[in-house]
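Visitor: This structure is in structure tokens; I'll ask about it shortly.
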Amino acid sequence: MKHLAILLLICITFISCKEKHIETATTTSAVKEVSTEVITKELPFKVHSISHATMVLQWGETTIYIDPVGGAEVFANYPQPDLILVTDIHGDHLNVATIEGLDTSKAKIMVPQAVADKMPEAFVPQLDVLNNGDSKERFGFSVEAIPMYNLREEALKFHTKGRGNGYVIEKEGTRVYISGDTEDIPEMRALTNIDAAFVCMNLPYTMTEVSAADAVIAFAPKTIYPYHYRGTGGLSDVANFKNLVNKGNPAINVIQLDWYAKK
């Protein structure tokens, strides 16, 4: 009887230890699987596509207007801007009447010199003039002016190097690129650690969706928003852009917003 009890005790101990081993192995396996997942960084801002090149970024407590055009009434449902970025002098990027109609009482306005030259005197105290390569900090954001220009001989008349700005906006390690009007220039391809990018694609003024996709694959932003994609021949093929990007780098998240619903 004593021997039977000892035998039962040994069996129970063995089964218990085996179950614990299986449980530990299963748990370890699950942890291993989770640890190998690719975790996409959540963007800390909301994008409002207004039209073409115009957008509003709500980033925490800060509201950023990019190339505000179309009349002040277009922005009636958004908070007043803290920061306004203007990329170029063309009418789809700069509309002085729109800016004059906005409540810019607390705003700083970042512009290239060519835009500053067209702004009314009353705005001078609010202007931060950035040349290509310059940077400025406002409201906890660092903003760097990136060149934007044409490369094709037949398009050089549209955007000369040094006149306009693309921008990289950075806060707490998150970096956002706004291309402005440009082709797939070396300065774009050399960008690093971009979390989100807004890249143009429209002929004859900027580039094809094929060139845009090739450039995006080169600098590999985590998320890309095709924007500014209406040219003289209509809308560019952004679906083809997405296909090309994901064929070249499946890890890039392509988000297509409707920039022309109001037009």
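Ligands are numbered from 1 in the order shown, chains are lettered A, B, ... in the order of the structure tokens, and residues start at 1 in each chain.
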Could you please write out, as a list in words, every residue of segment 151-222 of chain A that DSSP assigns to alpha helix (DSSP H)?
Guide: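 These are the residues in question: Pro186, Glu187, Met188, Arg189, Glu209, Val210, Ser211, Ala212, Ala213, Asp214, Ala215, Val216, Ile217, Ala218 and Phe219 of chain A.
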Visitor: Step one, run DSSP on the backbone; step two, keep only residues of segment 24-144 of chain A assigned to strand (DSSP E); then write them as a PyMOL selection string.
Guide: chain A and resi 45-51+54-59+62-66+83-85+108-111+127-129+135-138+141-144
Visitor: Please provide the set of residues having any atom within 10 Å of Gly91 of chain A, restricted to only C-alpha atoms, with same-chain residues fewer than 4 positions apart removed, written as a list of chain:residue names.
Guide: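 Near neighbours after the sequence-gap exclusion: A:Asp67, A:Val69, A:Gly70, A:Asn95, A:Val96.
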Visitor: Need to verify the contact set: Ala76 of chain A, 12 Å, only C-alpha atoms, exclusion of same-chain residues closer than 6 positions in sequence. Can you return it as number ranges by chain?
Guide: A: 50, 56, 70, 98, 101-103
Visitor: Select, from A:Val168, A:Arg189, A:Ala196, A:Ser236, the residue with the minimum atom-to-atom distance to Lys46 of chain A, counting only C-alpha atoms.
Guide: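 The closest residue to Lys46 of chain A is A:Ala196.
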Visitor: Set the distance at 7 Å and use only C-alpha atoms: which residues neighbour segment 120-135 of chain A once local chain neighbours fewer than 6 positions away are removed? I'd like the list as a ChimeraX atom specification.
Guide: /A:107-113,142-147,162,165
Visitor: Keeping only all heavy atoms, write the selected residues to a file as an mmCIF file, in the first residue's frame.
Guide:
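New file result.cif:
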```
data_model
loop_
_atom_site.group_PDB
_atom_site.id
_atom_site.type_symbol
_atom_site.label_atom_id
_atom_site.label_comp_id
_atom_site.auth_asym_id
_atom_site.auth_seq_id
_atom_site.Cartn_x
_atom_site.Cartn_y
_atom_site.Cartn_z
ATOM 1 N N ALA A 107 -1.054 83.478 -35.151
ATOM 2 C CA ALA A 107 -0.303 82.623 -36.069
ATOM 3 C C ALA A 107 1.058 83.193 -36.445
ATOM 4 O O ALA A 107 1.247 84.401 -36.558
ATOM 5 C CB ALA A 107 -1.117 82.387 -37.341
ATOM 6 N N LYS A 108 1.998 82.279 -36.665
ATOM 7 C CA LYS A 108 3.240 82.579 -37.359
ATOM 8 C C LYS A 108 3.117 82.003 -38.772
ATOM 9 O O LYS A 108 2.521 80.938 -38.974
ATOM 10 C CB LYS A 108 4.444 81.975 -36.644
ATOM 11 C CG LYS A 108 4.661 82.527 -35.250
ATOM 12 C CD LYS A 108 4.890 84.039 -35.230
ATOM 13 C CE LYS A 108 6.185 84.431 -35.909
ATOM 14 N NZ LYS A 108 6.473 85.895 -35.775
ATOM 15 N N ILE A 109 3.657 82.723 -39.735
ATOM 16 C CA ILE A 109 3.506 82.344 -41.140
ATOM 17 C C ILE A 109 4.899 82.106 -41.729
ATOM 18 O O ILE A 109 5.709 83.029 -41.813
ATOM 19 C CB ILE A 109 2.780 83.445 -41.933
ATOM 20 C CG1 ILE A 109 1.440 83.786 -41.258
ATOM 21 C CG2 ILE A 109 2.550 83.009 -43.371
ATOM 22 C CD1 ILE A 109 0.727 84.988 -41.857
ATOM 23 N N MET A 110 5.177 80.860 -42.105
ATOM 24 C CA MET A 110 6.480 80.500 -42.656
ATOM 25 C C MET A 110 6.402 80.469 -44.169
ATOM 26 O O MET A 110 5.544 79.779 -44.747
ATOM 27 C CB MET A 110 6.949 79.157 -42.112
ATOM 28 C CG MET A 110 7.227 79.180 -40.614
ATOM 29 S SD MET A 110 8.013 77.661 -40.037
ATOM 30 C CE MET A 110 8.305 78.077 -38.323
ATOM 31 N N VAL A 111 7.316 81.201 -44.821
ATOM 32 C CA VAL A 111 7.251 81.385 -46.271
ATOM 33 C C VAL A 111 8.652 81.527 -46.848
ATOM 34 O O VAL A 111 9.586 81.939 -46.160
ATOM 35 C CB VAL A 111 6.443 82.654 -46.635
ATOM 36 C CG1 VAL A 111 5.014 82.569 -46.113
ATOM 37 C CG2 VAL A 111 7.118 83.912 -46.078
ATOM 38 N N PRO A 112 8.827 81.218 -48.149
ATOM 39 C CA PRO A 112 10.068 81.597 -48.835
ATOM 40 C C PRO A 112 10.047 83.091 -49.139
ATOM 41 O O PRO A 112 8.990 83.732 -49.080
ATOM 42 C CB PRO A 112 10.021 80.759 -50.115
ATOM 43 C CG PRO A 112 8.569 80.514 -50.356
ATOM 44 C CD PRO A 112 7.920 80.444 -49.006
ATOM 45 N N GLN A 113 11.188 83.643 -49.488
ATOM 46 C CA GLN A 113 11.288 85.074 -49.733
ATOM 47 C C GLN A 113 10.347 85.531 -50.846
ATOM 48 O O GLN A 113 9.746 86.614 -50.761
ATOM 49 C CB GLN A 113 12.730 85.448 -50.098
ATOM 50 C CG GLN A 113 12.973 86.939 -50.263
ATOM 51 C CD GLN A 113 12.706 87.713 -48.986
ATOM 52 O OE1 GLN A 113 13.322 87.453 -47.947
ATOM 53 N NE2 GLN A 113 11.797 88.683 -49.029
ATOM 54 N N SER A 142 9.829 71.951 -35.122
ATOM 55 C CA SER A 142 10.946 72.385 -35.951
ATOM 56 C C SER A 142 10.507 72.255 -37.407
ATOM 57 O O SER A 142 9.998 71.207 -37.813
ATOM 58 C CB SER A 142 12.173 71.514 -35.697
ATOM 59 O OG SER A 142 13.204 71.820 -36.621
ATOM 60 N N VAL A 143 10.695 73.331 -38.164
ATOM 61 C CA VAL A 143 10.306 73.325 -39.577
ATOM 62 C C VAL A 143 11.548 73.623 -40.418
ATOM 63 O O VAL A 143 12.202 74.649 -40.229
ATOM 64 C CB VAL A 143 9.210 74.361 -39.871
ATOM 65 C CG1 VAL A 143 8.840 74.331 -41.350
ATOM 66 C CG2 VAL A 143 7.976 74.103 -38.998
ATOM 67 N N GLU A 144 11.864 72.717 -41.336
ATOM 68 C CA GLU A 144 13.012 72.895 -42.235
ATOM 69 C C GLU A 144 12.518 73.102 -43.656
ATOM 70 O O GLU A 144 11.636 72.386 -44.122
ATOM 71 C CB GLU A 144 13.929 71.680 -42.181
ATOM 72 C CG GLU A 144 15.149 71.816 -43.091
ATOM 73 C CD GLU A 144 16.026 70.586 -43.098
ATOM 74 O OE1 GLU A 144 15.695 69.596 -42.428
ATOM 75 O OE2 GLU A 144 17.059 70.621 -43.820
ATOM 76 N N ALA A 145 13.084 74.093 -44.335
ATOM 77 C CA ALA A 145 12.727 74.366 -45.731
ATOM 78 C C ALA A 145 13.548 73.463 -46.651
ATOM 79 O O ALA A 145 14.780 73.476 -46.620
ATOM 80 C CB ALA A 145 12.976 75.826 -46.063
ATOM 81 N N ILE A 146 12.844 72.677 -47.460
ATOM 82 C CA ILE A 146 13.464 71.740 -48.398
ATOM 83 C C ILE A 146 13.292 72.291 -49.812
ATOM 84 O O ILE A 146 12.222 72.812 -50.153
ATOM 85 C CB ILE A 146 12.780 70.357 -48.307
ATOM 86 C CG1 ILE A 146 12.769 69.849 -46.857
ATOM 87 C CG2 ILE A 146 13.458 69.351 -49.232
ATOM 88 C CD1 ILE A 146 14.122 69.611 -46.255
ATOM 89 N N PRO A 147 14.308 72.207 -50.668
ATOM 90 C CA PRO A 147 14.137 72.695 -52.047
ATOM 91 C C PRO A 147 12.972 72.011 -52.754
ATOM 92 O O PRO A 147 12.620 70.865 -52.454
ATOM 93 C CB PRO A 147 15.467 72.326 -52.716
ATOM 94 C CG PRO A 147 16.445 72.271 -51.578
ATOM 95 C CD PRO A 147 15.673 71.724 -50.412
ATOM 96 N N GLY A 162 15.244 77.239 -55.580
ATOM 97 C CA GLY A 162 15.500 78.319 -54.640
ATOM 98 C C GLY A 162 14.328 79.254 -54.418
ATOM 99 O O GLY A 162 14.314 80.007 -53.449
ATOM 100 N N ASN A 165 9.558 76.453 -51.342
ATOM 101 C CA ASN A 165 9.964 75.527 -50.284
ATOM 102 C C ASN A 165 9.036 74.324 -50.200
ATOM 103 O O ASN A 165 7.815 74.477 -50.232
ATOM 104 C CB ASN A 165 9.895 76.188 -48.899
ATOM 105 C CG ASN A 165 10.948 77.240 -48.666
ATOM 106 O OD1 ASN A 165 12.028 77.202 -49.260
ATOM 107 N ND2 ASN A 165 10.649 78.181 -47.782
#
```
Visitor: Which residues are close to Gly180 of chain A, i.e. within 12 Å by only C-alpha atoms, leaving aside same-chain residues fewer than 3 positions away? Reply as a ChimeraX atom specification.
Guide: /A:52-55,66-67,85-90,92-94,111-112,145-150,159,163-168,177,183-185,188,197-202,205-207,226-229
Visitor: Pick out the residues sitting within 10 Å of segment 238-246 of chain A, and hand them over as a ChimeraX atom specification; count only C-alpha atoms, and ignore anything fewer than 5 positions along from it in its own chain.
Guide: /A:201,208-218,220,224-227,229,251-256
Visitor: Got time to write the residues from that selection, N, CA, C and O atoms, as a compact mmCIF listing (two decimals), in the first residue's frame?
Guide:
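What follows is the written file out.txt:
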```
# COMPACT_ATOMS: atom_id res chain seq x y z
N MET A 201 2.07 65.01 -57.80
CA MET A 201 2.24 64.28 -59.06
C MET A 201 1.23 64.81 -60.07
O MET A 201 0.07 64.39 -60.09
N THR A 208 5.18 62.82 -63.05
CA THR A 208 4.21 61.74 -63.22
C THR A 208 4.11 60.93 -61.94
O THR A 208 4.99 60.98 -61.07
N GLU A 209 3.06 60.14 -61.85
CA GLU A 209 2.93 59.25 -60.70
C GLU A 209 4.03 58.19 -60.69
O GLU A 209 4.43 57.70 -59.62
N VAL A 210 4.57 57.88 -61.86
CA VAL A 210 5.67 56.91 -61.95
C VAL A 210 6.94 57.49 -61.32
O VAL A 210 7.62 56.83 -60.52
N SER A 211 7.27 58.73 -61.66
CA SER A 211 8.44 59.39 -61.06
C SER A 211 8.24 59.59 -59.57
O SER A 211 9.18 59.41 -58.77
N ALA A 212 7.03 59.97 -59.17
CA ALA A 212 6.74 60.16 -57.75
C ALA A 212 6.92 58.87 -56.98
O ALA A 212 7.50 58.85 -55.88
N ALA A 213 6.44 57.77 -57.53
CA ALA A 213 6.57 56.47 -56.86
C ALA A 213 8.03 56.07 -56.73
O ALA A 213 8.46 55.56 -55.68
N ASP A 214 8.81 56.32 -57.78
CA ASP A 214 10.23 55.98 -57.74
C ASP A 214 10.96 56.76 -56.65
O ASP A 214 11.79 56.21 -55.92
N ALA A 215 10.62 58.04 -56.52
CA ALA A 215 11.24 58.86 -55.47
C ALA A 215 10.82 58.40 -54.09
O ALA A 215 11.64 58.33 -53.16
N VAL A 216 9.55 58.09 -53.93
CA VAL A 216 9.04 57.64 -52.63
C VAL A 216 9.72 56.34 -52.20
O VAL A 216 10.11 56.17 -51.04
N ILE A 217 9.88 55.42 -53.13
CA ILE A 217 10.58 54.18 -52.81
C ILE A 217 12.00 54.46 -52.36
O ILE A 217 12.54 53.80 -51.47
N ALA A 218 12.61 55.50 -52.94
CA ALA A 218 14.00 55.84 -52.60
C ALA A 218 14.13 56.34 -51.16
O ALA A 218 15.06 55.94 -50.45
N ALA A 220 11.63 56.18 -48.77
CA ALA A 220 10.90 55.23 -47.93
C ALA A 220 10.24 55.83 -46.69
O ALA A 220 10.56 55.46 -45.57
N ILE A 224 2.61 57.42 -46.89
CA ILE A 224 2.64 58.40 -47.98
C ILE A 224 1.21 58.77 -48.36
O ILE A 224 0.35 57.91 -48.51
N TYR A 225 0.98 60.07 -48.49
CA TYR A 225 -0.29 60.60 -48.99
C TYR A 225 -0.04 61.22 -50.36
O TYR A 225 0.62 62.26 -50.46
N PRO A 226 -0.55 60.64 -51.44
CA PRO A 226 -0.48 61.35 -52.72
C PRO A 226 -1.41 62.56 -52.67
O PRO A 226 -2.56 62.46 -52.21
N TYR A 227 -0.90 63.72 -53.07
CA TYR A 227 -1.72 64.92 -53.10
C TYR A 227 -1.30 65.75 -54.29
O TYR A 227 -0.41 65.36 -55.03
N TYR A 229 -2.55 66.22 -57.27
CA TYR A 229 -2.46 65.31 -58.41
C TYR A 229 -3.42 65.66 -59.55
O TYR A 229 -3.78 64.82 -60.37
N ALA A 251 6.11 47.73 -47.39
CA ALA A 251 6.00 48.24 -46.03
C ALA A 251 5.50 49.69 -45.98
O ALA A 251 5.09 50.17 -44.92
N ILE A 252 5.53 50.40 -47.12
CA ILE A 252 5.06 51.79 -47.13
C ILE A 252 3.54 51.81 -47.18
O ILE A 252 2.92 51.21 -48.05
N ASN A 253 2.95 52.52 -46.23
CA ASN A 253 1.50 52.63 -46.14
C ASN A 253 1.02 53.79 -47.01
O ASN A 253 1.34 54.95 -46.73
N VAL A 254 0.28 53.48 -48.07
CA VAL A 254 -0.22 54.52 -48.98
C VAL A 254 -1.66 54.85 -48.60
O VAL A 254 -2.53 53.98 -48.60
N ILE A 255 -1.91 56.10 -48.24
CA ILE A 255 -3.25 56.55 -47.86
C ILE A 255 -3.75 57.54 -48.91
O ILE A 255 -3.15 58.59 -49.12
N GLN A 256 -4.83 57.20 -49.55
CA GLN A 256 -5.40 58.07 -50.58
C GLN A 256 -6.61 58.81 -50.03
O GLN A 256 -7.64 58.22 -49.74
```
